[in-house]
file run-v6.pdb (PDB, C-alpha atoms)
ATOM      1  CA  MET K   1      99.970  57.455  82.857
ATOM      2  CA  GLN K   2     102.536  56.199  80.342
ATOM      3  CA  GLU K   3     100.288  53.567  78.823
ATOM      4  CA  GLN K   4      97.386  56.024  78.670
ATOM      5  CA  SER K   5      99.379  58.449  76.524
ATOM      6  CA  ASN K   6      98.766  56.073  73.606
ATOM      7  CA  ILE K   7      95.132  57.130  73.695
ATOM      8  CA  LEU K   8      96.135  60.454  72.158
ATOM      9  CA  PRO K   9      95.509  60.427  68.395
ATOM     10  CA  ALA K  10      98.647  60.551  66.280
ATOM     11  CA  ALA K  11      97.319  63.594  64.464
ATOM     12  CA  SER K  12      96.807  65.542  67.681
ATOM     13  CA  GLN K  13      99.355  68.277  68.120
ATOM     14  CA  ILE K  14      98.149  69.246  71.580
ATOM     15  CA  LYS K  15      99.666  67.148  74.359
ATOM     16  CA  ALA K  16      99.459  69.454  77.360
ATOM     17  CA  CYS K  17      96.835  71.727  78.913
ATOM     18  CA  LEU K  18      97.679  74.803  80.964
ATOM     19  CA  PHE K  19      94.955  76.381  83.069
ATOM     20  CA  ASP K  20      94.510  79.777  84.581
ATOM     21  CA  LEU K  21      92.802  79.507  87.975
ATOM     22  CA  ASP K  22      90.516  82.449  88.670
ATOM     23  CA  GLY K  23      87.472  82.470  86.396
ATOM     24  CA  VAL K  24      88.403  79.204  84.690
ATOM     25  CA  LEU K  25      88.463  76.521  87.381
ATOM     26  CA  VAL K  26      87.043  78.483  90.297
ATOM     27  CA  ASP K  27      85.590  81.951  90.718
ATOM     28  CA  THR K  28      87.771  83.786  93.224
ATOM     29  CA  ALA K  29      87.403  87.106  91.413
ATOM     30  CA  VAL K  30      84.642  88.054  93.819
ATOM     31  CA  TYR K  31      87.021  87.644  96.763
ATOM     32  CA  HIS K  32      89.723  89.722  95.063
ATOM     33  CA  TYR K  33      87.151  92.407  94.377
ATOM     34  CA  LYS K  34      85.876  92.423  97.951
ATOM     35  CA  ALA K  35      89.402  92.649  99.370
ATOM     36  CA  TRP K  36      90.525  95.389  96.956
ATOM     37  CA  LYS K  37      87.282  97.273  97.549
ATOM     38  CA  GLN K  38      87.856  97.055 101.313
ATOM     39  CA  LEU K  39      91.363  98.471 100.809
ATOM     40  CA  ALA K  40      90.152 101.272  98.529
ATOM     41  CA  ASN K  41      87.415 102.188 101.015
ATOM     42  CA  SER K  42      89.969 102.303 103.817
ATOM     43  CA  LEU K  43      91.900 104.857 101.732
ATOM     44  CA  GLY K  44      88.798 106.991 101.211
ATOM     45  CA  PHE K  45      87.612 106.041  97.724
ATOM     46  CA  ASP K  46      85.758 103.328  95.837
ATOM     47  CA  PHE K  47      86.154 101.506  92.532
ATOM     48  CA  THR K  48      83.735  99.663  90.309
ATOM     49  CA  GLU K  49      83.296  96.063  89.220
ATOM     50  CA  GLU K  50      84.004  97.300  85.693
ATOM     51  CA  GLN K  51      87.394  98.600  86.804
ATOM     52  CA  ASN K  52      87.938  95.312  88.607
ATOM     53  CA  GLU K  53      87.767  93.537  85.220
ATOM     54  CA  GLN K  54      91.054  95.267  84.348
ATOM     55  CA  LEU K  55      92.739  93.473  87.249
ATOM     56  CA  LYS K  56      92.122  89.961  85.866
ATOM     57  CA  GLY K  57      95.387  88.092  85.381
ATOM     58  CA  VAL K  58      97.391  91.037  86.710
ATOM     59  CA  SER K  59      99.867  90.736  89.598
ATOM     60  CA  ARG K  60      99.134  92.018  93.072
ATOM     61  CA  VAL K  61     101.639  94.876  92.762
ATOM     62  CA  GLU K  62     100.337  96.026  89.386
ATOM     63  CA  SER K  63      96.739  95.748  90.623
ATOM     64  CA  LEU K  64      97.563  97.959  93.595
ATOM     65  CA  ASN K  65      99.221 100.532  91.349
ATOM     66  CA  LYS K  66      96.131 100.677  89.133
ATOM     67  CA  ILE K  67      93.817 101.080  92.126
ATOM     68  CA  LEU K  68      95.933 103.831  93.671
ATOM     69  CA  ASP K  69      95.937 105.634  90.309
ATOM     70  CA  TRP K  70      92.125 105.384  90.134
ATOM     71  CA  GLY K  71      91.900 106.895  93.611
ATOM     72  CA  ASN K  72      94.590 109.466  92.837
ATOM     73  CA  VAL K  73      96.475 108.273  95.927
ATOM     74  CA  LYS K  74     100.272 108.481  96.169
ATOM     75  CA  LYS K  75     102.213 106.025  98.325
ATOM     76  CA  THR K  76     105.867 105.147  98.840
ATOM     77  CA  GLU K  77     107.126 101.710  97.837
ATOM     78  CA  ASP K  78     107.205 100.626 101.502
ATOM     79  CA  GLU K  79     103.636 101.825 101.994
ATOM     80  CA  LYS K  80     102.543  99.987  98.845
ATOM     81  CA  GLU K  81     104.102  96.779 100.116
ATOM     82  CA  ALA K  82     102.223  97.154 103.413
ATOM     83  CA  LEU K  83      98.931  97.805 101.581
ATOM     84  CA  ALA K  84      99.392  94.796  99.293
ATOM     85  CA  THR K  85     100.101  92.610 102.328
ATOM     86  CA  LEU K  86      97.006  93.956 104.086
ATOM     87  CA  LYS K  87      94.789  93.229 101.086
ATOM     88  CA  ASN K  88      96.240  89.749 100.718
ATOM     89  CA  GLY K  89      95.528  89.006 104.365
ATOM     90  CA  TRP K  90      91.864  89.846 103.884
ATOM     91  CA  TYR K  91      91.753  87.808 100.660
ATOM     92  CA  VAL K  92      93.405  84.728 102.200
ATOM     93  CA  GLU K  93      90.981  84.878 105.120
ATOM     94  CA  MET K  94      88.131  84.713 102.598
ATOM     95  CA  ILE K  95      89.507  81.892 100.425
ATOM     96  CA  THR K  96      90.377  79.665 103.377
ATOM     97  CA  LYS K  97      86.623  79.259 103.747
ATOM     98  CA  MET K  98      86.233  78.003 100.156
ATOM     99  CA  THR K  99      84.824  74.520  99.484
ATOM    100  CA  PRO K 100      84.649  72.127  96.479
ATOM    101  CA  ASN K 101      81.147  73.516  95.879
ATOM    102  CA  GLU K 102      82.780  76.683  94.506
ATOM    103  CA  VAL K 103      84.443  74.857  91.601
ATOM    104  CA  LEU K 104      82.904  76.103  88.347
ATOM    105  CA  PRO K 105      80.438  73.832  86.485
ATOM    106  CA  GLY K 106      82.003  71.018  84.437
ATOM    107  CA  THR K 107      85.520  71.568  85.790
ATOM    108  CA  VAL K 108      85.958  68.240  87.587
ATOM    109  CA  GLU K 109      84.392  66.303  84.703
ATOM    110  CA  PHE K 110      86.595  67.973  82.061
ATOM    111  CA  LEU K 111      89.815  67.669  84.077
ATOM    112  CA  SER K 112      89.017  64.002  84.716
ATOM    113  CA  ALA K 113      88.355  63.345  81.018
ATOM    114  CA  ILE K 114      91.539  64.948  79.688
ATOM    115  CA  HIS K 115      93.586  63.348  82.468
ATOM    116  CA  ARG K 116      92.253  59.918  81.468
ATOM    117  CA  ALA K 117      92.973  60.696  77.806
ATOM    118  CA  GLY K 118      96.669  61.134  78.586
ATOM    119  CA  TYR K 119      97.067  64.890  78.462
ATOM    120  CA  LYS K 120      99.468  66.472  80.947
ATOM    121  CA  LEU K 121      98.063  69.297  83.062
ATOM    122  CA  ALA K 122      99.646  72.379  84.611
ATOM    123  CA  LEU K 123      98.313  75.405  86.414
ATOM    124  CA  GLY K 124      99.523  78.787  85.162
ATOM    125  CA  SER K 125      98.231  81.466  87.506
ATOM    126  CA  ALA K 126      99.350  84.905  88.670
ATOM    127  CA  SER K 127      97.885  84.089  92.086
ATOM    128  CA  LYS K 128     100.336  83.545  94.926
ATOM    129  CA  ASN K 129      97.605  81.708  96.820
ATOM    130  CA  SER K 130      96.808  79.059  94.222
ATOM    131  CA  GLY K 131      97.996  76.234  96.483
ATOM    132  CA  ILE K 132      95.453  77.147  99.170
ATOM    133  CA  ILE K 133      92.643  77.430  96.626
ATOM    134  CA  LEU K 134      93.432  74.098  94.933
ATOM    135  CA  GLU K 135      93.607  72.395  98.321
ATOM    136  CA  LYS K 136      90.313  73.860  99.576
ATOM    137  CA  THR K 137      88.486  73.005  96.339
ATOM    138  CA  ASN K 138      90.034  69.517  96.035
ATOM    139  CA  LEU K 139      91.541  70.141  92.572
ATOM    140  CA  ALA K 140      95.272  69.838  93.327
ATOM    141  CA  HIS K 141      95.536  66.145  92.430
ATOM    142  CA  PHE K 142      94.685  66.819  88.776
ATOM    143  CA  PHE K 143      97.851  68.824  88.097
ATOM    144  CA  ASP K 144     101.274  67.491  87.153
ATOM    145  CA  GLU K 145     102.843  70.917  87.694
ATOM    146  CA  ILE K 146     101.762  74.142  89.390
ATOM    147  CA  VAL K 147     103.217  77.479  88.303
ATOM    148  CA  ASP K 148     101.967  80.507  90.209
ATOM    149  CA  GLY K 149     102.935  83.999  91.279
ATOM    150  CA  ASN K 150     105.573  82.611  93.637
ATOM    151  CA  MET K 151     107.554  81.167  90.710
ATOM    152  CA  VAL K 152     107.431  83.929  88.083
ATOM    153  CA  THR K 153     108.318  87.611  88.026
ATOM    154  CA  LYS K 154     106.426  88.850  84.974
ATOM    155  CA  SER K 155     102.667  89.339  84.732
ATOM    156  CA  LYS K 156     100.462  88.367  81.825
ATOM    157  CA  PRO K 157     100.367  89.316  78.961
ATOM    158  CA  ASP K 158     104.016  88.274  79.305
ATOM    159  CA  PRO K 159     104.009  84.518  78.543
ATOM    160  CA  GLU K 160     106.465  83.602  81.335
ATOM    161  CA  VAL K 161     103.964  81.677  83.481
ATOM    162  CA  PHE K 162     102.818  79.494  80.575
ATOM    163  CA  LEU K 163     106.296  78.971  79.124
ATOM    164  CA  LYS K 164     107.461  77.853  82.559
ATOM    165  CA  GLY K 165     104.539  75.423  82.745
ATOM    166  CA  ALA K 166     105.321  73.967  79.309
ATOM    167  CA  GLN K 167     108.977  73.604  80.258
ATOM    168  CA  LEU K 168     108.168  71.773  83.495
ATOM    169  CA  LEU K 169     105.770  69.445  81.657
ATOM    170  CA  GLY K 170     108.421  68.786  79.024
ATOM    171  CA  PHE K 171     106.540  70.025  75.952
ATOM    172  CA  LYS K 172     107.127  72.657  73.279
ATOM    173  CA  PRO K 173     104.801  75.682  73.280
ATOM    174  CA  ASP K 174     103.023  74.567  70.103
ATOM    175  CA  GLU K 175     102.099  71.303  71.855
ATOM    176  CA  CYS K 176     100.215  73.210  74.569
ATOM    177  CA  VAL K 177      96.798  74.815  74.877
ATOM    178  CA  VAL K 178      95.976  77.458  77.467
ATOM    179  CA  PHE K 179      92.560  77.940  79.109
ATOM    180  CA  GLU K 180      92.015  81.608  80.026
ATOM    181  CA  ASP K 181      89.213  83.996  80.927
ATOM    182  CA  ALA K 182      91.212  87.227  80.625
ATOM    183  CA  VAL K 183      92.353  89.185  77.567
ATOM    184  CA  ALA K 184      95.847  89.461  79.068
ATOM    185  CA  GLY K 185      95.956  85.689  79.552
ATOM    186  CA  VAL K 186      94.904  84.911  75.988
ATOM    187  CA  GLU K 187      97.534  87.361  74.742
ATOM    188  CA  ALA K 188     100.150  85.668  76.938
ATOM    189  CA  ALA K 189      99.286  82.287  75.442
ATOM    190  CA  LYS K 190      99.512  83.571  71.871
ATOM    191  CA  ARG K 191     102.760  85.433  72.551
ATOM    192  CA  GLY K 192     104.142  82.190  73.967
ATOM    193  CA  GLY K 193     103.286  80.320  70.765
ATOM    194  CA  MET K 194     100.421  78.321  72.264
ATOM    195  CA  LYS K 195      96.800  77.734  71.368
ATOM    196  CA  ALA K 196      94.243  79.495  73.548
ATOM    197  CA  ILE K 197      90.730  78.527  74.578
ATOM    198  CA  GLY K 198      88.860  81.485  76.001
ATOM    199  CA  ILE K 199      86.404  81.033  78.839
ATOM    200  CA  GLY K 200      83.868  83.826  78.579
ATOM    201  CA  GLU K 201      82.559  86.083  75.814
ATOM    202  CA  LYS K 202      83.705  85.845  72.189
ATOM    203  CA  SER K 203      83.343  89.625  71.841
ATOM    204  CA  ILE K 204      85.949  90.110  74.571
ATOM    205  CA  LEU K 205      88.312  87.155  73.976
ATOM    206  CA  GLN K 206      88.552  87.736  70.233
ATOM    207  CA  ASP K 207      92.110  86.443  69.830
ATOM    208  CA  ALA K 208      91.426  83.004  71.322
ATOM    209  CA  ASP K 209      91.323  79.988  68.974
ATOM    210  CA  MET K 210      88.013  78.934  70.528
ATOM    211  CA  VAL K 211      85.694  80.579  73.052
ATOM    212  CA  VAL K 212      83.182  78.797  75.290
ATOM    213  CA  SER K 213      81.193  79.937  78.302
ATOM    214  CA  GLY K 214      82.784  77.346  80.584
ATOM    215  CA  LEU K 215      84.649  74.041  80.815
ATOM    216  CA  ASP K 216      81.278  72.298  80.925
ATOM    217  CA  LYS K 217      81.015  73.057  77.194
ATOM    218  CA  LEU K 218      84.271  71.249  76.270
ATOM    219  CA  THR K 219      85.215  67.641  75.461
ATOM    220  CA  VAL K 220      88.405  65.785  74.614
ATOM    221  CA  LYS K 221      87.349  65.937  70.949
ATOM    222  CA  ASP K 222      87.580  69.735  71.081
ATOM    223  CA  LEU K 223      91.278  69.447  71.980
ATOM    224  CA  GLN K 224      91.866  66.905  69.214
ATOM    225  CA  GLY K 225      90.397  69.384  66.728
ATOM    226  CA  LEU K 226      92.769  72.231  67.574
TER     227      LEU K 226
END
call {"tool": "encode", "arguments": {"input": "run-v6.pdb", "output": "structure tokens"}}
result
Amino acid sequence: MQEQSNILPAASQIKACLFDLDGVLVDTAVYHYKAWKQLANSLGFDFTEEQNEQLKGVSRVESLNKILDWGNVKKTEDEKEALATLKNGWYVEMITKMTPNEVLPGTVEFLSAIHRAGYKLALGSASKNSGIILEKTNLAHFFDEIVDGNMVTKSKPDPEVFLKGAQLLGFKPDECVVFEDAVAGVEAAKRGGMKAIGIGEKSILQDADMVVSGLDKLTVKDLQGL
């Protein structure tokens, strides 16, 4: 990779790319929703897909607290831990059946292009199951570093996960760009002093430096223009 780094234009400030996982590279949100919905139903209430949007980029513990609040259910800390473990078991069972066909459009092509162009890549995800997902979808080999929920203690919009990724890659925050589909993730990137490319709707990801509908809409030139 050392000789390829010369491909980067001298004027380009961005040298590293940090990716969220869910909703950017793959769509596992549906599995989270199904598992949380199953848990909520087992406790005697339901919650909507709209409410589920508020769980994007949020840790398992914080997600559980939100759901219990929506259902007006009180649990002890030990009970919460058991519920979170139960939900995760259902979720892991679902994602172990994932295949490379579930990678979002343009992901492999874009990761391949920026890898060839000499950019360093890291994953920055709140998911504690990112390793399983990357393995099942055949994306793991693209990443120089993987930072997930097993390595950080603070949830987005705290920038910890992205700052850790930048540190492991050996770059300053202003040399990094983050790819995110959640408001909390974009805020984390900006709070960490990084550029942010939003994957989704401009009306929702208003603070991102650029917003596209998916990685299939991006090229290396887009990074050079940041």
call {"tool": "residues_around", "arguments": {"input": "run-v6.pdb", "residues": "Glu180 of chain K", "least_positions_apart": "4", "cutoff": "10 Å", "atoms": "all atoms listed in the file", "output": "list of chain:residue names"}}
result
K:Leu18, K:Phe19, K:Asp20, K:Leu21, K:Asp22, K:Gly23, K:Val24, K:Leu25, K:Gly57, K:Gly124, K:Ser125, K:Ala184, K:Gly185, K:Val186, K:Glu187, K:Ala188, K:Ala189, K:Ala196, K:Ile197, K:Gly198, K:Ile199, K:Gly200, K:Leu205, K:Ala208, K:Val211
call {"tool": "residues_around", "arguments": {"input": "run-v6.pdb", "residues": "segment 138-150 of chain K", "least_positions_apart": "3", "cutoff": "9 Å", "atoms": "all atoms listed in the file", "output": "PDB file with C-alpha atoms, keeping the file's coordinate frame"}}
result
ATOM      1  CA  LEU K  25      88.463  76.521  87.381  1.00  0.00           C
ATOM      2  CA  SER K  59      99.867  90.736  89.598  1.00  0.00           C
ATOM      3  CA  THR K  99      84.824  74.520  99.484  1.00  0.00           C
ATOM      4  CA  PRO K 100      84.649  72.127  96.479  1.00  0.00           C
ATOM      5  CA  VAL K 103      84.443  74.857  91.601  1.00  0.00           C
ATOM      6  CA  VAL K 108      85.958  68.240  87.587  1.00  0.00           C
ATOM      7  CA  LEU K 111      89.815  67.669  84.077  1.00  0.00           C
ATOM      8  CA  SER K 112      89.017  64.002  84.716  1.00  0.00           C
ATOM      9  CA  HIS K 115      93.586  63.348  82.468  1.00  0.00           C
ATOM     10  CA  LYS K 120      99.468  66.472  80.947  1.00  0.00           C
ATOM     11  CA  LEU K 121      98.063  69.297  83.062  1.00  0.00           C
ATOM     12  CA  ALA K 122      99.646  72.379  84.611  1.00  0.00           C
ATOM     13  CA  LEU K 123      98.313  75.405  86.414  1.00  0.00           C
ATOM     14  CA  GLY K 124      99.523  78.787  85.162  1.00  0.00           C
ATOM     15  CA  SER K 125      98.231  81.466  87.506  1.00  0.00           C
ATOM     16  CA  ALA K 126      99.350  84.905  88.670  1.00  0.00           C
ATOM     17  CA  SER K 127      97.885  84.089  92.086  1.00  0.00           C
ATOM     18  CA  LYS K 128     100.336  83.545  94.926  1.00  0.00           C
ATOM     19  CA  ASN K 129      97.605  81.708  96.820  1.00  0.00           C
ATOM     20  CA  SER K 130      96.808  79.059  94.222  1.00  0.00           C
ATOM     21  CA  GLY K 131      97.996  76.234  96.483  1.00  0.00           C
ATOM     22  CA  ILE K 133      92.643  77.430  96.626  1.00  0.00           C
ATOM     23  CA  LEU K 134      93.432  74.098  94.933  1.00  0.00           C
ATOM     24  CA  GLU K 135      93.607  72.395  98.321  1.00  0.00           C
ATOM     25  CA  THR K 153     108.318  87.611  88.026  1.00  0.00           C
ATOM     26  CA  LYS K 154     106.426  88.850  84.974  1.00  0.00           C
ATOM     27  CA  SER K 155     102.667  89.339  84.732  1.00  0.00           C
ATOM     28  CA  VAL K 161     103.964  81.677  83.481  1.00  0.00           C
ATOM     29  CA  PHE K 162     102.818  79.494  80.575  1.00  0.00           C
ATOM     30  CA  LYS K 164     107.461  77.853  82.559  1.00  0.00           C
ATOM     31  CA  GLY K 165     104.539  75.423  82.745  1.00  0.00           C
ATOM     32  CA  LEU K 168     108.168  71.773  83.495  1.00  0.00           C
ATOM     33  CA  LEU K 169     105.770  69.445  81.657  1.00  0.00           C
TER      34      LEU K 169
END
call {"tool": "residues_near_point", "arguments": {"input": "run-v6.pdb", "point": "(99.3, 98.6, 93.7)", "cutoff": "12 Å", "atoms": "all atoms listed in the file", "output": "VMD selection string"}}
result
chain K and resid 36 39 to 40 55 58 to 88
call {"tool": "resolve_selection", "arguments": {"input": "run-v6.pdb", "expression": "the PyMOL selection byres ((chain K and resi 92) around 10)", "output": "VMD selection string"}}
result
chain K and resid 31 to 32 35 87 to 91 93 to 97 129 132 to 133
call {"tool": "residues_around", "arguments": {"input": "run-v6.pdb", "residues": "segment 191-194 of chain K", "least_positions_apart": "6", "cutoff": "12 Å", "atoms": "all atoms listed in the file", "output": "number ranges by chain"}}
result
K: 13-18, 156-167, 171-180, 184-185, 207-209, 226
call {"tool": "atom_distance", "arguments": {"input": "run-v6.pdb", "atom1": "atom CA of Glu49 of chain K", "atom2": "atom CA of Leu215 of chain K"}}
result
23.6 Å
call {"tool": "atom_distance", "arguments": {"input": "run-v6.pdb", "atom1": "atom CA of Lys34 of chain K", "atom2": "atom CA of Glu102 of chain K"}}
result
16.4 Å
call {"tool": "atom_distance", "arguments": {"input": "run-v6.pdb", "atom1": "atom CA of Gly118 of chain K", "atom2": "atom CA of Pro105 of chain K"}}
result
22.1 Å
call {"tool": "closest_residue", "arguments": {"input": "run-v6.pdb", "among": "K:Val183, K:Ala117, K:Met151, K:Ala29", "to": "Gln224 of chain K", "atoms": "only C-alpha atoms"}}
result
K:Ala117
call {"tool": "decode", "arguments": {"input": "run-v6.pdb", "residues": "segment 12-28 of chain K", "atoms": "N, CA and C atoms", "output": "mmCIF file, in the first residue's frame"}}
result
data_model
loop_
_atom_site.group_PDB
_atom_site.id
_atom_site.type_symbol
_atom_site.label_atom_id
_atom_site.label_comp_id
_atom_site.auth_asym_id
_atom_site.auth_seq_id
_atom_site.Cartn_x
_atom_site.Cartn_y
_atom_site.Cartn_z
ATOM 1 N N SER K 12 -5.111 17.041 -1.474
ATOM 2 C CA SER K 12 -6.161 16.346 -0.744
ATOM 3 C C SER K 12 -5.850 16.293 0.740
ATOM 4 N N GLN K 13 -6.774 16.824 1.523
ATOM 5 C CA GLN K 13 -6.589 16.807 2.967
ATOM 6 C C GLN K 13 -7.022 15.469 3.550
ATOM 7 N N ILE K 14 -7.998 14.838 2.922
ATOM 8 C CA ILE K 14 -8.542 13.593 3.435
ATOM 9 C C ILE K 14 -7.628 12.422 3.076
ATOM 10 N N LYS K 15 -7.223 11.677 4.093
ATOM 11 C CA LYS K 15 -6.340 10.531 3.893
ATOM 12 C C LYS K 15 -6.930 9.237 4.426
ATOM 13 N N ALA K 16 -7.992 9.365 5.233
ATOM 14 C CA ALA K 16 -8.578 8.171 5.840
ATOM 15 C C ALA K 16 -10.104 8.243 5.825
ATOM 16 N N CYS K 17 -10.722 7.091 5.682
ATOM 17 C CA CYS K 17 -12.188 6.992 5.626
ATOM 18 C C CYS K 17 -12.673 6.086 6.748
ATOM 19 N N LEU K 18 -13.628 6.597 7.531
ATOM 20 C CA LEU K 18 -14.191 5.828 8.629
ATOM 21 C C LEU K 18 -15.674 5.576 8.353
ATOM 22 N N PHE K 19 -16.061 4.329 8.418
ATOM 23 C CA PHE K 19 -17.417 3.938 8.032
ATOM 24 C C PHE K 19 -18.227 3.415 9.206
ATOM 25 N N ASP K 20 -19.452 3.926 9.315
ATOM 26 C CA ASP K 20 -20.434 3.260 10.144
ATOM 27 C C ASP K 20 -20.819 1.983 9.390
ATOM 28 N N LEU K 21 -21.443 1.039 10.080
ATOM 29 C CA LEU K 21 -21.783 -0.234 9.451
ATOM 30 C C LEU K 21 -23.252 -0.301 9.014
ATOM 31 N N ASP K 22 -24.129 -0.247 9.993
ATOM 32 C CA ASP K 22 -25.561 -0.393 9.716
ATOM 33 C C ASP K 22 -26.098 0.782 8.907
ATOM 34 N N GLY K 23 -26.673 0.494 7.756
ATOM 35 C CA GLY K 23 -27.276 1.544 6.934
ATOM 36 C C GLY K 23 -26.316 2.227 5.992
ATOM 37 N N VAL K 24 -25.027 1.904 6.115
ATOM 38 C CA VAL K 24 -24.015 2.483 5.224
ATOM 39 C C VAL K 24 -23.413 1.402 4.329
ATOM 40 N N LEU K 25 -22.915 0.347 4.946
ATOM 41 C CA LEU K 25 -22.319 -0.761 4.204
ATOM 42 C C LEU K 25 -23.313 -1.904 3.996
ATOM 43 N N VAL K 26 -24.054 -2.183 5.046
ATOM 44 C CA VAL K 26 -25.083 -3.228 5.007
ATOM 45 C C VAL K 26 -26.324 -2.704 5.717
ATOM 46 N N ASP K 27 -27.453 -3.351 5.486
ATOM 47 C CA ASP K 27 -28.673 -2.922 6.162
ATOM 48 C C ASP K 27 -29.088 -3.962 7.198
ATOM 49 N N THR K 28 -28.563 -3.793 8.413
ATOM 50 C CA THR K 28 -28.934 -4.709 9.500
ATOM 51 C C THR K 28 -29.996 -4.092 10.400
#
